[in-house]
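Text of upload_34.txt (compact mmCIF, C-alpha atoms) as supplied:
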```
# COMPACT_ATOMS: atom_id res chain seq x y z
CA MET R 13 -6.33 16.30 10.80
CA LEU R 14 -5.95 18.62 7.84
CA CYS R 15 -6.04 21.91 9.75
CA LEU R 16 -4.78 24.93 7.90
CA LEU R 17 -3.59 28.36 9.00
CA PRO R 18 -4.16 31.18 6.46
CA SER R 19 -0.43 31.97 6.16
CA ASP R 20 0.27 28.35 5.25
CA GLY R 21 -2.34 28.14 2.52
CA ALA R 22 -0.06 27.72 -0.50
CA LYS R 23 2.12 25.14 1.22
CA MET R 24 -0.89 23.13 2.40
CA LYS R 25 -2.51 23.32 -1.04
CA THR R 26 0.61 21.86 -2.63
CA ARG R 27 0.81 19.15 0.01
CA LEU R 28 -2.82 18.16 -0.49
CA GLN R 29 -2.40 18.07 -4.25
CA LEU R 30 0.68 15.84 -3.92
CA GLY R 31 -1.29 13.65 -1.55
CA GLY R 32 -4.09 13.40 -4.10
CA ILE R 33 -1.66 12.35 -6.81
CA ALA R 34 -0.14 9.83 -4.40
CA ALA R 35 -3.58 8.36 -3.60
CA VAL R 36 -4.34 7.92 -7.30
CA VAL R 37 -0.93 6.28 -7.84
CA CYS R 38 -1.68 3.87 -4.98
CA ALA R 39 -4.95 2.92 -6.69
CA LEU R 40 -3.19 2.45 -10.04
CA CYS R 41 -0.59 0.18 -8.41
CA TYR R 42 -3.38 -2.03 -7.10
CA ILE R 43 -5.04 -2.10 -10.52
CA ILE R 44 -1.77 -3.11 -12.18
CA GLY R 45 -1.27 -5.78 -9.52
CA PHE R 46 -4.70 -7.31 -10.07
CA THR R 47 -4.38 -7.12 -13.85
CA MET R 48 -1.15 -9.10 -13.74
CA ILE R 49 -2.53 -11.76 -11.41
CA LEU R 50 -5.92 -12.17 -13.05
CA VAL R 51 -5.20 -11.52 -16.74
CA VAL R 52 -1.58 -11.37 -17.83
CA MET R 53 0.08 -14.12 -15.79
CA PRO R 54 -2.36 -15.84 -13.40
CA ASP R 55 0.01 -18.76 -12.81
CA ILE R 56 2.33 -16.51 -10.78
CA ASN R 57 -0.08 -16.68 -7.85
CA ILE R 58 -0.92 -20.41 -7.88
CA ASP R 59 1.97 -22.03 -6.04
CA GLY R 60 5.73 -21.79 -5.60
CA GLU R 61 6.66 -23.96 -8.56
CA GLN R 62 4.36 -22.10 -10.94
CA ARG R 63 5.72 -18.79 -9.69
CA LEU R 64 9.28 -19.90 -10.31
CA GLN R 65 8.48 -20.97 -13.86
CA ALA R 66 6.75 -17.66 -14.51
CA ILE R 67 9.74 -15.74 -13.16
CA LEU R 68 12.23 -17.69 -15.28
CA SER R 69 10.13 -17.29 -18.41
CA GLN R 70 9.46 -13.53 -18.04
CA PRO R 71 11.97 -12.14 -15.51
CA ARG R 72 11.96 -8.53 -16.73
CA LEU R 73 8.18 -8.33 -16.87
CA ILE R 74 7.81 -9.66 -13.34
CA GLN R 75 10.63 -7.44 -12.04
CA SER R 76 8.81 -4.42 -13.45
CA TRP R 77 5.56 -5.62 -11.92
CA TYR R 78 7.12 -6.11 -8.48
CA PHE R 79 8.76 -2.70 -8.71
CA ILE R 80 5.42 -1.01 -9.42
CA ILE R 81 3.23 -2.81 -6.91
CA PHE R 82 5.73 -2.59 -4.07
CA VAL R 83 8.38 0.10 -4.55
CA VAL R 84 6.26 2.66 -6.43
CA PHE R 85 3.32 1.93 -4.13
CA GLY R 86 5.57 2.38 -1.07
CA MET R 87 6.79 5.78 -2.26
CA ALA R 88 3.24 6.93 -3.00
CA LEU R 89 2.08 5.65 0.39
CA LEU R 90 4.77 7.69 2.16
CA LEU R 91 3.70 10.82 0.30
CA LEU R 92 0.02 10.23 1.04
CA ASN R 93 0.74 9.44 4.68
CA ARG R 94 2.60 12.74 4.98
CA SER R 95 -0.19 14.72 3.34
CA LEU R 96 -2.68 13.43 5.92
CA TYR R 97 -0.53 14.53 8.84
CA ARG R 98 -0.39 17.98 10.40
CA PRO R 99 2.93 19.80 10.66
CA ALA R 100 4.95 18.66 13.66
CA GLY R 101 4.44 21.96 15.47
CA GLU R 102 0.67 21.57 15.66
CA GLU R 103 -1.24 19.63 18.24
CA VAL R 104 -2.31 16.27 16.84
CA GLY R 105 -4.67 13.59 18.02
CA GLN R 106 -3.45 10.21 19.17
CA TRP R 107 -5.24 8.41 16.35
CA GLN R 108 -3.49 10.56 13.78
CA LEU R 109 -0.07 10.02 15.35
CA ILE R 110 -0.54 6.25 15.55
CA GLY R 111 -1.86 6.17 11.98
CA ALA R 112 1.17 8.07 10.70
CA LEU R 113 3.58 5.71 12.46
CA ILE R 114 1.78 2.61 11.16
CA GLY R 115 1.86 4.11 7.68
CA TYR R 116 5.65 4.26 7.85
CA VAL R 117 5.79 0.66 9.07
CA TRP R 118 3.54 -0.46 6.19
CA ALA R 119 5.74 1.41 3.71
CA ALA R 120 8.81 -0.30 5.19
CA TYR R 121 7.13 -3.68 4.67
CA VAL R 122 6.30 -3.05 1.04
CA PHE R 123 9.77 -1.66 0.35
CA ALA R 124 11.35 -4.75 1.92
CA ILE R 125 9.29 -7.28 -0.03
CA GLY R 126 9.63 -5.19 -3.19
CA PHE R 127 13.40 -4.93 -3.21
CA ILE R 128 13.81 -8.55 -2.15
CA SER R 129 11.49 -9.68 -4.96
CA VAL R 130 13.15 -7.52 -7.62
CA LEU R 131 16.74 -8.33 -6.68
CA THR R 132 16.24 -12.06 -6.14
CA ILE R 133 14.86 -12.39 -9.68
CA GLU R 134 18.13 -10.98 -10.99
CA TYR R 135 19.98 -13.49 -8.80
CA LEU R 136 17.84 -16.44 -9.95
CA THR R 137 18.45 -15.75 -13.63
CA HIS R 138 22.19 -16.35 -13.15
CA LEU R 139 21.88 -19.72 -11.40
CA THR R 140 22.07 -23.19 -12.87
CA PRO R 141 18.88 -25.29 -12.73
CA ALA R 142 20.27 -27.30 -9.80
CA GLU R 143 21.22 -24.13 -7.89
CA THR R 144 17.81 -22.64 -8.61
CA ASP R 145 16.00 -25.70 -7.22
CA GLU R 146 18.11 -25.49 -4.08
CA THR R 147 17.80 -21.73 -3.56
CA TRP R 148 14.21 -21.03 -4.58
CA PRO R 149 12.47 -22.49 -1.47
CA ALA R 150 14.37 -20.09 0.81
CA ILE R 151 13.56 -17.11 -1.43
CA LEU R 152 9.90 -18.12 -1.62
CA ALA R 153 9.70 -18.45 2.17
CA ILE R 154 11.05 -14.91 2.63
CA GLN R 155 8.74 -13.47 -0.04
CA THR R 156 5.71 -15.23 1.37
CA GLY R 157 6.53 -14.35 4.95
CA LEU R 158 6.89 -10.66 4.24
CA GLY R 159 4.16 -10.54 1.62
CA ASP R 160 1.58 -12.06 3.91
CA GLY R 161 2.19 -9.23 6.36
CA VAL R 162 1.41 -6.50 3.85
CA GLU R 163 -2.38 -6.78 3.96
CA TRP R 164 -2.93 -6.93 7.70
CA ILE R 165 -0.55 -4.07 8.43
CA GLY R 166 -2.23 -2.14 5.65
CA GLY R 167 -5.55 -3.02 7.25
CA ILE R 168 -4.43 -1.60 10.59
CA TRP R 169 -3.31 1.61 8.86
CA MET R 170 -6.63 1.90 7.02
CA LEU R 171 -8.58 1.40 10.25
CA VAL R 172 -6.58 3.86 12.34
CA ILE R 173 -6.22 6.59 9.71
CA ASN R 174 -9.96 6.48 8.97
CA ILE R 175 -10.83 6.68 12.65
CA SER R 176 -8.68 9.81 12.74
CA LEU R 177 -10.36 11.21 9.63
CA TYR R 178 -13.77 10.45 11.16
CA CYS R 179 -12.95 12.15 14.46
CA GLN R 180 -11.49 15.21 12.75
CA ARG R 181 -14.38 15.45 10.23
CA SER R 182 -11.77 15.95 7.50
CA VAL R 183 -13.62 13.91 4.87
CA PRO R 184 -17.21 12.79 4.30
CA ARG R 185 -18.24 10.35 7.01
CA ALA R 186 -19.13 7.78 4.34
CA LEU R 187 -15.52 7.72 3.15
CA SER R 188 -14.02 7.25 6.61
CA VAL R 189 -16.57 4.56 7.51
CA ALA R 190 -15.90 2.70 4.24
CA GLY R 191 -12.16 2.99 4.84
CA ALA R 192 -12.44 1.66 8.40
CA ARG R 193 -14.47 -1.33 7.19
CA THR R 194 -11.89 -1.96 4.50
CA GLY R 195 -9.21 -1.90 7.16
CA LEU R 196 -11.04 -4.51 9.21
CA ILE R 197 -11.22 -6.77 6.16
CA GLY R 198 -7.47 -6.37 5.62
CA MET R 199 -6.78 -7.31 9.23
CA LEU R 200 -8.65 -10.59 8.72
CA THR R 201 -5.79 -11.82 6.51
CA LEU R 202 -3.71 -12.32 9.65
CA TYR R 203 -5.81 -15.46 10.19
CA PRO R 204 -4.61 -17.97 7.50
CA PRO R 205 -8.05 -19.45 6.63
CA LEU R 206 -9.21 -15.91 5.80
CA ALA R 207 -6.20 -15.02 3.66
CA ALA R 208 -8.47 -14.74 0.62
CA ALA R 209 -9.88 -11.57 2.18
CA GLY R 210 -6.75 -9.88 0.83
CA GLY R 211 -8.38 -9.73 -2.61
CA ALA R 212 -11.45 -7.94 -1.26
CA PHE R 213 -9.20 -5.63 0.74
CA GLY R 214 -7.28 -4.64 -2.38
CA LEU R 215 -10.39 -4.03 -4.46
CA LEU R 216 -12.01 -1.91 -1.77
CA GLN R 217 -8.81 0.06 -1.33
CA ILE R 218 -8.83 1.01 -5.00
CA GLY R 219 -12.17 2.75 -4.48
CA TRP R 220 -11.02 4.39 -1.23
CA PHE R 221 -7.78 5.70 -2.73
CA CYS R 222 -9.61 7.10 -5.76
CA TRP R 223 -12.26 8.79 -3.61
CA LEU R 224 -9.69 10.30 -1.24
CA GLY R 225 -7.43 11.31 -4.14
CA ARG R 226 -10.31 13.16 -5.81
CA LEU R 227 -11.03 15.11 -2.62
CA LEU R 228 -7.38 16.02 -2.16
CA LEU R 229 -6.86 17.08 -5.78
CA LYS R 230 -9.99 19.23 -5.78
CA GLN R 231 -9.16 20.70 -2.36
CA LYS R 232 -12.49 19.49 -1.02
CA MET R 233 -11.12 19.02 2.48
CA PRO R 234 -12.69 21.22 5.14
CA VAL R 235 -10.44 23.64 7.02
CA LEU R 236 -10.77 22.89 10.74
CA PRO R 237 -9.70 24.90 13.74
CA ALA R 238 -6.50 23.71 15.39
```
What is this structure when it is put down as structure tokens?
Amino acid sequence: MLCLLPSDGAKMKTRLQLGGIAAVVCALCYIIGFTMILVVMPDINIDGEQRLQAILSQPRLIQSWYFIIFVVFGMALLLLNRSLYRPAGEEVGQWQLIGALIGYVWAAYVFAIGFISVLTIEYLTHLTPAETDETWPAILAIQTGLGDGVEWIGGIWMLVINISLYCQRSVPRALSVAGARTGLIGMLTLYPPLAAAGGAFGLLQIGWFCWLGRLLLKQKMPVLPA
């Protein structure tokens, strides 16, 4: 997947380094997300009413949190997705092409839920209590509907992109196997009784992003023939 022609060395080096930074940023976004849910404001993830109260009590904090875990993560994901993809003029495998496309879909999902979450908080803070009670269920339904799709689409991306990495021998086999297993766990969240697998998916992704980011930053990616 990460083939390199000698004349393109500097450009590819820069792209891999940017991809490494992006992978580390993705991991940091997950860490910030878990820290908020588990330590800073655990009531935001209990139920709709508790989330509303948390939003109204700390709107700027939660806006910043949503911006980081969705919008910043989405931008980093796009950059990482691009760094793992050969230039358009080169022959690419089907797994790589599908993985790149799914990566863009996943980024679109996180951007959508991120901007909706950030902007609706601003809207809620200007409503009367009666208007808030009437409007909040619709906002929560949209947030939940989009948010619940983030993990399983991310799981599909993890599975496909790691199959591509495995086939191309671009990274250690242990990394691609671990990433594929992580992807399968993320896909389980599509089944409501297994929604809790999203937590395990996020934790495992932190390790995968850090491992991949280290390889990209240190240029420890083998150069393969086209």
Identify which of the residues R:Gln217, R:Ser188, R:Ser76, R:Thr137 lies closest to Leu64 in chain R, counting all atoms listed in the file when measuring atom-to-atom distances.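 Closest residue, counting all atoms listed in the file: R:Thr137.
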Closest to Ile125 in chain R among R:Leu229, R:Val172, R:Leu152, R:Leu200, using all atoms listed in the file? R:Leu152
Residues near Ser69 in chain R, cut-off 12 Å, only C-alpha atoms, skip fewer than 2 positions along chain, as number ranges by chain: R: 53, 55-56, 62-67, 71-75, 133, 136-137
Name the residues in contact with Trp107 in chain R at a cut-off of 7 Å, using all atoms listed in the file, excluding same-chain residues fewer than 5 positions from it; report them as a list of chain:residue names. R:Val172, R:Ile173, R:Ile175, R:Ser176
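Residues surrounding range 191-199 of chain R within 7 Å are R:Glu163, R:Trp164, R:Gly166, R:Gly167, R:Ile168, R:Met170, R:Leu171, R:Asn174, R:Ile175, R:Leu187, R:Ser188, R:Val189, R:Thr201, R:Leu202, R:Ala209, R:Gly210, R:Phe213, R:Leu216, R:Gln217, R:Trp220 [only C-alpha atoms; sequence separation below 2 positions excluded].
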At a cut-off of 10 Å, using all atoms listed in the file, what residues contact Arg27 in chain R? Leave out same-chain residues fewer than 2 positions from it and give the result as a list in words. Gly21, Ala22, Lys23, Met24, Lys25, Gln29, Leu30, Gly31, Gly32, Ile33, Leu91, Leu92, Arg94, Ser95, Leu96, Leu228 and Leu229 of chain R
Residue with smallest distance to Thr47 in chain R - pool R:Leu215, R:Leu28, R:Leu224, R:Leu206, counting all atoms listed in the file: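 With all atoms listed in the file as the atom set, the closest residue is R:Leu215.
One finds CA of Met48 in chain R at 19.3 Å from CA of Phe123 in chain R.
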So which residues touch Met87 in chain R within 10 Å, counting all atoms listed in the file, skipping near sequence neighbours fewer than 3 positions away, as a PyMOL selection string? chain R and resi 34+37-38+80+82-84+90-93+119-120+122-123
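Across the model, the gap from CA of Glu134 in chain R to CA of Ala88 in chain R is 24.6 Å.
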Between CA of Gly211 in chain R and CA of Phe46 in chain R, distance in Å (one decimal):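 Rounded to one decimal, the two atoms are 8.7 Å apart.
Considering only C-alpha atoms, the residue among R:Val117, R:Ala39, R:Leu109, R:Ile81 positioned nearest to Ser129 in chain R is R:Ile81.
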For a quick check of understanding, using only C-alpha atoms, which of R:Leu68, R:Ala190, R:Ile49, R:Ile165 has the smallest distance to Thr140 in chain R? R:Leu68
For Gln180 in chain R, which residue out of R:Gly115, R:His138, R:Gln108, R:Pro204 is the nearest one, using all atoms listed in the file?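 Ranking R:Gly115, R:His138, R:Gln108, R:Pro204 by distance to Gln180 in chain R, first place goes to R:Gln108.
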For range 79-92 of chain R, supply N, CA, C and O atoms and format the output as a compact mmCIF listing (two decimals), keeping the file's coordinate frame.
```txt
# COMPACT_ATOMS: atom_id res chain seq x y z
N PHE R 79 8.30 -4.06 -8.98
CA PHE R 79 8.76 -2.70 -8.71
C PHE R 79 7.58 -1.74 -8.58
O PHE R 79 7.54 -0.89 -7.69
N ILE R 80 6.59 -1.90 -9.45
CA ILE R 80 5.42 -1.01 -9.42
C ILE R 80 4.56 -1.27 -8.20
O ILE R 80 4.21 -0.34 -7.47
N ILE R 81 4.21 -2.53 -7.96
CA ILE R 81 3.23 -2.81 -6.91
C ILE R 81 3.82 -2.69 -5.50
O ILE R 81 3.05 -2.56 -4.53
N PHE R 82 5.13 -2.72 -5.39
CA PHE R 82 5.73 -2.59 -4.07
C PHE R 82 6.51 -1.28 -3.91
O PHE R 82 6.21 -0.49 -3.02
N VAL R 83 7.51 -1.06 -4.74
CA VAL R 83 8.38 0.10 -4.55
C VAL R 83 7.64 1.40 -4.90
O VAL R 83 7.67 2.36 -4.10
N VAL R 84 7.01 1.45 -6.06
CA VAL R 84 6.26 2.66 -6.43
C VAL R 84 5.11 2.89 -5.44
O VAL R 84 4.87 4.01 -4.99
N PHE R 85 4.41 1.81 -5.10
CA PHE R 85 3.32 1.93 -4.13
C PHE R 85 3.86 2.45 -2.79
O PHE R 85 3.24 3.32 -2.16
N GLY R 86 4.99 1.94 -2.34
CA GLY R 86 5.57 2.38 -1.07
C GLY R 86 5.89 3.86 -1.07
O GLY R 86 5.64 4.57 -0.09
N MET R 87 6.46 4.35 -2.17
CA MET R 87 6.79 5.78 -2.26
C MET R 87 5.52 6.63 -2.25
O MET R 87 5.47 7.67 -1.58
N ALA R 88 4.49 6.19 -2.99
CA ALA R 88 3.24 6.93 -3.00
C ALA R 88 2.57 6.90 -1.63
O ALA R 88 1.99 7.90 -1.18
N LEU R 89 2.66 5.76 -0.95
CA LEU R 89 2.08 5.65 0.39
C LEU R 89 2.74 6.62 1.36
O LEU R 89 2.06 7.27 2.18
N LEU R 90 4.07 6.74 1.29
CA LEU R 90 4.77 7.69 2.16
C LEU R 90 4.30 9.11 1.91
O LEU R 90 4.07 9.89 2.85
N LEU R 91 4.14 9.47 0.65
CA LEU R 91 3.70 10.82 0.30
C LEU R 91 2.27 11.07 0.77
O LEU R 91 1.96 12.13 1.33
N LEU R 92 1.41 10.09 0.58
CA LEU R 92 0.02 10.23 1.04
C LEU R 92 -0.03 10.31 2.55
O LEU R 92 -0.77 11.13 3.13
```
